[in-house]
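Next up, data05.txt (compact mmCIF, C-alpha atoms and all ligand atoms):
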# COMPACT_ATOMS: atom_id res chain seq x y z
CA MET B 113 92.61 159.39 177.80
CA THR B 114 94.68 156.80 179.64
CA GLY B 115 95.45 153.10 179.14
CA PRO B 116 93.14 150.39 177.85
CA ILE B 117 89.92 149.92 179.80
CA LEU B 118 88.65 147.04 177.71
CA ARG B 119 91.04 144.42 176.44
CA ALA B 120 90.57 141.25 174.43
CA GLN B 121 93.46 138.83 174.17
CA GLY B 122 93.39 135.92 171.74
CA LEU B 123 89.60 135.99 171.81
CA THR B 124 88.16 133.07 169.87
CA LYS B 125 84.66 131.70 169.30
CA ASP B 126 83.86 128.46 167.51
CA PHE B 127 80.35 127.46 166.47
CA ARG B 128 80.43 123.72 165.86
CA GLY B 129 83.78 123.83 164.13
CA PHE B 130 83.21 127.20 162.44
CA ARG B 131 85.53 129.89 163.82
CA ALA B 132 83.50 133.13 163.89
CA VAL B 133 86.04 135.06 166.01
CA ASP B 134 89.64 134.04 165.55
CA GLY B 135 92.29 135.15 168.02
CA VAL B 136 91.20 138.78 168.32
CA ASP B 137 93.48 141.13 170.27
CA LEU B 138 91.87 144.46 170.96
CA ASP B 139 92.71 147.35 173.27
CA VAL B 140 90.10 150.02 173.81
CA THR B 141 91.52 153.20 175.37
CA GLU B 142 89.62 154.65 178.31
CA GLY B 143 87.54 157.66 177.27
CA SER B 144 87.72 156.88 173.55
CA VAL B 145 85.07 156.08 170.97
CA HIS B 146 86.22 152.89 169.27
CA ALA B 147 84.45 151.63 166.14
CA LEU B 148 84.31 148.03 164.97
CA VAL B 149 83.74 147.78 161.27
CA GLY B 150 83.99 145.09 158.63
CA PRO B 151 81.96 143.30 156.00
CA ASN B 152 78.97 141.11 156.89
CA GLY B 153 80.01 137.93 158.63
CA ALA B 154 83.27 139.48 159.90
CA GLY B 155 82.41 138.56 163.51
CA LYS B 156 81.40 141.97 164.90
CA THR B 157 78.14 140.81 166.49
CA THR B 158 79.77 137.70 167.91
CA LEU B 159 82.49 139.86 169.43
CA PHE B 160 79.84 142.05 171.09
CA HIS B 161 78.12 138.94 172.46
CA LEU B 162 81.44 137.79 173.89
CA PHE B 163 82.08 141.18 175.51
CA THR B 164 78.67 141.25 177.19
CA GLY B 165 78.77 137.63 178.34
CA PHE B 166 75.88 136.47 176.13
CA LEU B 167 78.34 134.05 174.56
CA LYS B 168 81.25 132.30 176.25
CA PRO B 169 84.57 132.38 174.38
CA SER B 170 86.12 129.14 173.17
CA ALA B 171 89.52 130.62 174.03
CA GLY B 172 91.08 133.91 175.07
CA ARG B 173 90.50 136.53 177.72
CA ILE B 174 88.46 139.69 178.21
CA THR B 175 89.38 142.25 180.86
CA LEU B 176 87.67 145.44 181.96
CA GLY B 177 90.21 147.55 183.81
CA GLU B 178 91.76 145.11 186.28
CA ARG B 179 88.79 142.73 186.26
CA ASP B 180 88.71 139.50 184.32
CA LEU B 181 85.32 139.26 182.58
CA THR B 182 85.99 136.01 180.75
CA GLY B 183 82.98 133.71 181.05
CA LYS B 184 81.02 136.07 183.35
CA SER B 185 77.24 136.32 182.99
CA PRO B 186 75.63 139.33 181.26
CA GLU B 187 74.25 140.53 184.62
CA ARG B 188 77.69 140.37 186.19
CA VAL B 189 79.31 142.13 183.22
CA ALA B 190 76.70 144.91 183.43
CA ARG B 191 77.30 145.25 187.17
CA LEU B 192 81.05 145.47 186.58
CA GLY B 193 80.50 148.44 184.29
CA MET B 194 79.89 147.39 180.69
CA ALA B 195 76.44 147.60 179.11
CA ARG B 196 75.06 147.46 175.61
CA SER B 197 72.09 149.34 174.29
CA PHE B 198 68.92 147.28 174.45
CA GLN B 199 67.25 146.02 171.31
CA ILE B 200 63.95 147.54 170.21
CA THR B 201 62.53 144.03 170.25
CA SER B 202 62.96 144.00 174.02
CA LEU B 203 60.83 147.13 174.55
CA PHE B 204 57.33 146.69 175.95
CA ALA B 205 54.85 148.32 173.57
CA GLN B 206 52.35 149.19 176.32
CA LEU B 207 54.82 150.64 178.81
CA THR B 208 55.87 154.26 178.59
CA PRO B 209 59.51 155.37 178.31
CA ARG B 210 59.33 156.61 181.90
CA GLU B 211 58.11 153.19 183.06
CA HIS B 212 60.86 151.42 181.09
CA LEU B 213 63.46 153.56 182.80
CA GLU B 214 61.92 153.14 186.26
CA LEU B 215 61.93 149.41 185.74
CA ALA B 216 65.56 149.41 184.58
CA LEU B 217 66.66 151.63 187.48
CA ALA B 218 64.66 149.62 190.02
CA GLY B 219 65.93 146.35 188.51
CA GLY B 220 69.47 147.58 189.10
CA SER B 221 68.58 147.96 192.77
CA GLY B 222 67.13 144.48 193.01
CA ILE B 223 63.44 145.46 192.98
CA THR B 224 61.55 142.93 190.93
CA TRP B 225 58.70 143.42 188.49
CA ARG B 226 56.22 142.09 191.04
CA PHE B 227 56.98 144.92 193.46
CA TRP B 228 57.34 147.57 190.84
CA ARG B 229 53.80 148.98 190.74
CA SER B 230 53.35 148.86 194.49
CA ASP B 231 56.69 150.24 195.60
CA LYS B 232 56.20 153.77 196.94
CA ALA B 233 59.95 154.39 196.79
CA LEU B 234 59.80 154.46 193.02
CA GLY B 235 59.35 158.24 193.12
CA ALA B 236 63.14 158.46 193.38
CA TYR B 237 63.53 156.43 190.20
CA SER B 238 60.97 158.59 188.45
CA GLU B 239 63.15 161.65 188.80
CA ARG B 240 66.26 159.86 187.52
CA ALA B 241 64.14 158.33 184.74
CA LEU B 242 63.13 161.79 183.58
CA GLU B 243 66.73 163.00 183.70
CA LEU B 244 67.80 160.13 181.46
CA LEU B 245 64.91 160.72 179.07
CA ASP B 246 65.86 164.37 178.93
CA GLN B 247 69.46 163.40 178.15
CA VAL B 248 68.37 161.42 175.09
CA GLY B 249 65.80 164.00 173.96
CA LEU B 250 62.72 162.03 175.03
CA ALA B 251 61.49 164.21 177.88
CA GLY B 252 58.48 165.26 175.81
CA HIS B 253 57.57 161.61 175.18
CA ALA B 254 57.97 160.24 178.69
CA ASP B 255 54.37 159.15 179.12
CA VAL B 256 53.25 157.74 175.79
CA PRO B 257 53.26 153.98 175.09
CA ALA B 258 56.70 152.99 173.77
CA GLY B 259 54.98 151.14 170.93
CA SER B 260 53.74 154.44 169.52
CA LEU B 261 57.20 156.06 169.33
CA ALA B 262 58.83 156.67 165.96
CA TYR B 263 61.80 154.43 165.10
CA GLY B 264 64.51 156.98 165.99
CA ARG B 265 62.88 157.62 169.36
CA LYS B 266 62.71 153.91 170.14
CA ARG B 267 66.45 153.74 169.51
CA ALA B 268 66.95 156.73 171.82
CA LEU B 269 64.98 154.86 174.49
CA GLU B 270 67.27 151.83 174.06
CA LEU B 271 70.22 154.10 174.67
CA ALA B 272 68.62 155.61 177.78
CA LEU B 273 68.07 152.09 179.14
CA ALA B 274 71.76 151.32 178.73
CA LEU B 275 72.66 154.63 180.39
CA ALA B 276 70.43 153.73 183.34
CA LEU B 277 73.14 151.21 184.27
CA ASP B 278 75.69 154.05 184.25
CA PRO B 279 78.28 151.92 182.45
CA ARG B 280 81.96 152.85 182.17
CA VAL B 281 81.94 151.14 178.80
CA LEU B 282 78.90 151.58 176.59
CA LEU B 283 78.50 149.18 173.66
CA LEU B 284 76.39 150.41 170.77
CA ASP B 285 75.31 147.96 168.10
CA GLU B 286 74.73 149.85 164.85
CA PRO B 287 73.30 152.95 166.55
CA THR B 288 72.27 154.59 163.26
CA ALA B 289 71.06 151.51 161.35
CA GLY B 290 67.83 152.09 159.46
CA MET B 291 67.78 155.83 160.20
CA GLY B 292 67.22 158.78 157.91
CA VAL B 293 69.61 161.74 157.78
CA GLU B 294 67.88 163.70 160.55
CA ASP B 295 67.84 160.82 163.01
CA ILE B 296 71.47 160.03 162.16
CA ASP B 297 72.47 163.62 162.96
CA ARG B 298 70.48 163.54 166.18
CA THR B 299 72.05 160.20 167.18
CA MET B 300 75.56 161.47 166.48
CA SER B 301 75.11 164.48 168.75
CA LEU B 302 73.54 162.22 171.34
CA ILE B 303 76.58 159.91 171.30
CA GLU B 304 78.86 162.96 171.56
CA ARG B 305 76.92 164.00 174.65
CA VAL B 306 76.75 160.64 176.42
CA ARG B 307 80.38 159.73 175.77
CA ALA B 308 81.50 162.24 178.41
CA GLY B 309 83.10 160.29 181.23
CA ARG B 310 82.72 156.96 179.44
CA THR B 311 84.21 154.75 176.80
CA VAL B 312 82.09 153.87 173.77
CA VAL B 313 82.57 150.82 171.55
CA MET B 314 80.31 150.74 168.53
CA VAL B 315 79.62 148.54 165.56
CA GLU B 316 78.78 150.95 162.77
CA HIS B 317 78.41 150.54 159.02
CA ASN B 318 77.97 154.20 158.19
CA MET B 319 81.48 155.49 157.49
CA SER B 320 80.55 159.16 157.86
CA VAL B 321 79.38 158.35 161.39
CA VAL B 322 82.62 156.45 162.04
CA SER B 323 84.78 159.27 160.69
CA ALA B 324 82.90 161.89 162.74
CA LEU B 325 82.85 160.04 166.05
CA ALA B 326 85.51 157.36 166.30
CA ASP B 327 88.97 157.99 167.75
CA ARG B 328 90.07 154.55 166.60
CA VAL B 329 88.73 151.94 164.23
CA THR B 330 89.26 148.20 164.20
CA VAL B 331 88.50 146.52 160.90
CA LEU B 332 87.52 142.87 161.18
CA GLN B 333 87.43 140.32 158.42
CA SER B 334 86.67 136.60 158.71
CA GLY B 335 86.85 136.81 162.50
CA ARG B 336 90.29 138.43 162.56
CA VAL B 337 91.61 141.93 163.04
CA LEU B 338 92.59 143.15 159.59
CA VAL B 339 93.74 146.67 160.50
CA GLU B 340 93.51 148.98 163.50
CA GLY B 341 94.10 152.72 163.68
CA PRO B 342 92.59 156.17 163.33
CA TYR B 343 89.93 156.44 160.59
CA GLU B 344 92.10 158.67 158.39
CA GLU B 345 94.78 155.98 158.34
CA ILE B 346 92.65 152.91 157.80
CA ARG B 347 90.41 154.39 155.11
CA HIS B 348 93.24 154.40 152.56
CA ASP B 349 94.56 150.96 153.51
CA GLU B 350 94.58 148.62 150.51
CA ARG B 351 93.53 145.64 152.66
CA VAL B 352 90.51 147.52 153.97
CA ILE B 353 89.47 148.64 150.52
CA SER B 354 89.67 145.12 149.11
CA ALA B 355 87.86 143.63 152.15
CA TYR B 356 84.95 145.95 151.44
CA LEU B 357 84.99 145.23 147.74
CA GLY B 358 84.84 141.53 148.59
CA ASP B 359 88.20 140.69 147.05
P1 LIG B 401 78.92 140.36 161.65
O1 LIG B 401 78.21 140.89 162.83
O2 LIG B 401 80.28 140.95 161.45
O3 LIG B 401 78.10 140.43 160.40
P2 LIG B 401 78.61 137.80 162.96
O4 LIG B 401 79.36 137.90 164.23
O5 LIG B 401 77.13 137.93 163.00
O6 LIG B 401 79.23 138.81 161.88
O7 LIG B 401 78.92 136.39 162.28
C1 LIG B 401 80.24 135.92 162.03
C2 LIG B 401 80.14 134.53 161.44
O8 LIG B 401 79.72 133.62 162.44
C3 LIG B 401 79.13 134.43 160.30
O9 LIG B 401 79.67 133.58 159.31
C4 LIG B 401 77.92 133.81 160.97
O10 LIG B 401 77.19 133.03 160.05
C5 LIG B 401 78.55 132.93 162.04
N1 LIG B 401 77.68 132.76 163.20
C6 LIG B 401 77.27 133.76 164.03
N2 LIG B 401 76.51 133.27 165.02
C7 LIG B 401 76.45 131.91 164.82
C8 LIG B 401 75.83 130.81 165.52
N3 LIG B 401 75.11 131.01 166.62
N4 LIG B 401 76.00 129.57 165.02
C9 LIG B 401 76.75 129.37 163.91
N5 LIG B 401 77.36 130.34 163.22
C10 LIG B 401 77.22 131.60 163.66
Represent the structure from my file as structure tokens, please.
Ligand code: ADP
Amino acid sequence: MTGPILRAQGLTKDFRGFRAVDGVDLDVTEGSVHALVGPNGAGKTTLFHLFTGFLKPSAGRITLGERDLTGKSPERVARLGMARSFQITSLFAQLTPREHLELALAGGSGITWRFWRSDKALGAYSERALELLDQVGLAGHADVPAGSLAYGRKRALELALALALDPRVLLLDEPTAGMGVEDIDRTMSLIERVRAGRTVVMVEHNMSVVSALADRVTVLQSGRVLVEGPYEEIRHDERVISAYLGD
């Protein structure tokens, strides 16, 4: 691990006078898994939207390595090396996982939907698509409609779609939300596997997942950083305990 790859400085977001993110300073070390936790309404999702360019900050700066990402579009942010896992709601029920991946890989090369079916060169993407599906444990489900996949497998497909962009920083929004024990275990080993050579920032409510995977944890409350440190340190912090108890 080296210096910070992702850095937020004084990051602030106002929604019509309501400050959802309030002067957040955050350094994410290259090669680490960094968890963002905090009670509902703490600003975690808004922070993710700011990182990916879906929302523009009201104030502050975001940098990825040497590059200033502040105010850049989601496409530009993805091209510069930071991607978030897709949402299940953006999957196409009729398309297979292999087709989703081909589309994502081809999209990254500027081939549009219109050309997709006719482009003979897509054979190259097919191979890479299968590699990615294999990486997330979906090789055996490459050719079934995505709509028929079980919940945990849909989430694995989302992750594969983010990996198709080969990001230096991978953002995961509640990767284990709504999962049973088996899927949680599978997802944890998957994250362990895909973190190699990357940095992972994740919003995660499940503290056993955080304690198992995260090198550092930032606790947010009311849009501000409450505490930051390794899980073993922050878990005993009085401020964290009372934030979770709603004090
Ligand atoms: P978390 O993900 O930690 O639960 P959010 O980032 O979703 O928190 O929300 C932080 C606060 O900002 C909440 O009080 C929420 O109601 C508010 N908020 C989020 N998005 C908007 C929006 N588009 N317009 C107004 N308020 C918003």
How big is the axis-aligned box, and where does its centre sit, when it encloses all atoms of ligand LIG 401 (chain B) listed in the file and has 4 Å added on every side, reported in Å to one decimal as lines of an AutoDock Vina configuration file?
center_x = 77.7
center_y = 135.2
center_z = 163.0
size_x = 13.2
size_y = 19.6
size_z = 15.3
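Ranking B:Ser334, B:Thr288, B:Thr175, B:Ser202 by their shortest atom-to-atom distance to Met314 (chain B), with all atoms listed in the file included, puts B:Thr288 first.
Pocket residues of ligand LIG 401 (chain B), taken as those with any atom at most 6 Å away using all atoms listed in the file, are B:Phe127, B:Ala132, B:Asn152, B:Gly153, B:Ala154, B:Gly155, B:Lys156, B:Thr157, B:Thr158.
Using only C-alpha atoms for every distance, the candidate list B:Leu302, B:Ala326, B:Tyr356, B:Asp134 yields B:Ala326 as the residue closest to Pro342 (chain B).
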Mind pulling up the distance from CA of Val145 (chain B) to CA of Glu344 (chain B)?
14.6 Å
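CA of Pro287 (chain B) sits 10.9 Å away from CA of Val322 (chain B).
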Please report the interatomic distance between CA of Ser354 (chain B) and CA of Arg131 (chain B) in Å with one decimal.
21.6 Å
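The smallest atom-to-atom distance between Ala324 (chain B) and any of B:Ala147, B:Leu176, B:Val281, B:Ala262, using only C-alpha atoms, is found for B:Ala147.
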Quick one: everything within 10 Å of Leu277 (chain B), counting all atoms listed in the file, minus sequence neighbours fewer than 4 positions away in the same chain. Send it as a PyMOL selection string.
chain B and resi 190-191+193-196+216-217+219-220+272-273+282
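With only C-alpha atoms taken into account, the protein and nucleic acid residues at most 8 Å from Val133 (chain B) (excluding it and anything under 5 positions from it in its own chain) are Leu123, Thr124, Lys125, Asp126, Gly155, Thr158, Leu159, Ser334, Gly335 and Arg336 of chain B.
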At a cut-off of 12 Å, using only C-alpha atoms, what residues contact Gly292 (chain B)? Leave out same-chain residues fewer than 6 positions from it and give the result as an mmCIF file with C-alpha atoms, keeping the file's coordinate frame.
data_model
loop_
_atom_site.group_PDB
_atom_site.id
_atom_site.type_symbol
_atom_site.label_atom_id
_atom_site.label_comp_id
_atom_site.auth_asym_id
_atom_site.auth_seq_id
_atom_site.Cartn_x
_atom_site.Cartn_y
_atom_site.Cartn_z
ATOM 1 C CA ALA B 262 58.830 156.670 165.960
ATOM 2 C CA TYR B 263 61.800 154.430 165.100
ATOM 3 C CA GLY B 264 64.510 156.980 165.990
ATOM 4 C CA ARG B 298 70.480 163.540 166.180
ATOM 5 C CA THR B 299 72.050 160.200 167.180
ATOM 6 C CA ASN B 318 77.970 154.200 158.190
#
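Using all atoms listed in the file, the contacts of Arg179 (chain B) at a cut-off of 10 Å, with sequence neighbours closer than 3 positions omitted, comprise B:Ile117, B:Leu118, B:Ile174, B:Thr175, B:Leu176, B:Thr182, B:Val189, B:Leu192.
Nearest residue to Glu211 (chain B), choosing from B:Gln333, B:Ser260, B:Ser238, B:Gln121 and counting all atoms listed in the file: B:Ser238.
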For Ser197 (chain B), which of B:Lys266, B:Arg128, B:Arg328, B:His253 is the closest residue, counting all atoms listed in the file?
B:Lys266
Between B:Val256, B:Ala120, B:Val293, B:Ala218, which is the closest to Gly135 (chain B) once you count all atoms listed in the file?
B:Ala120
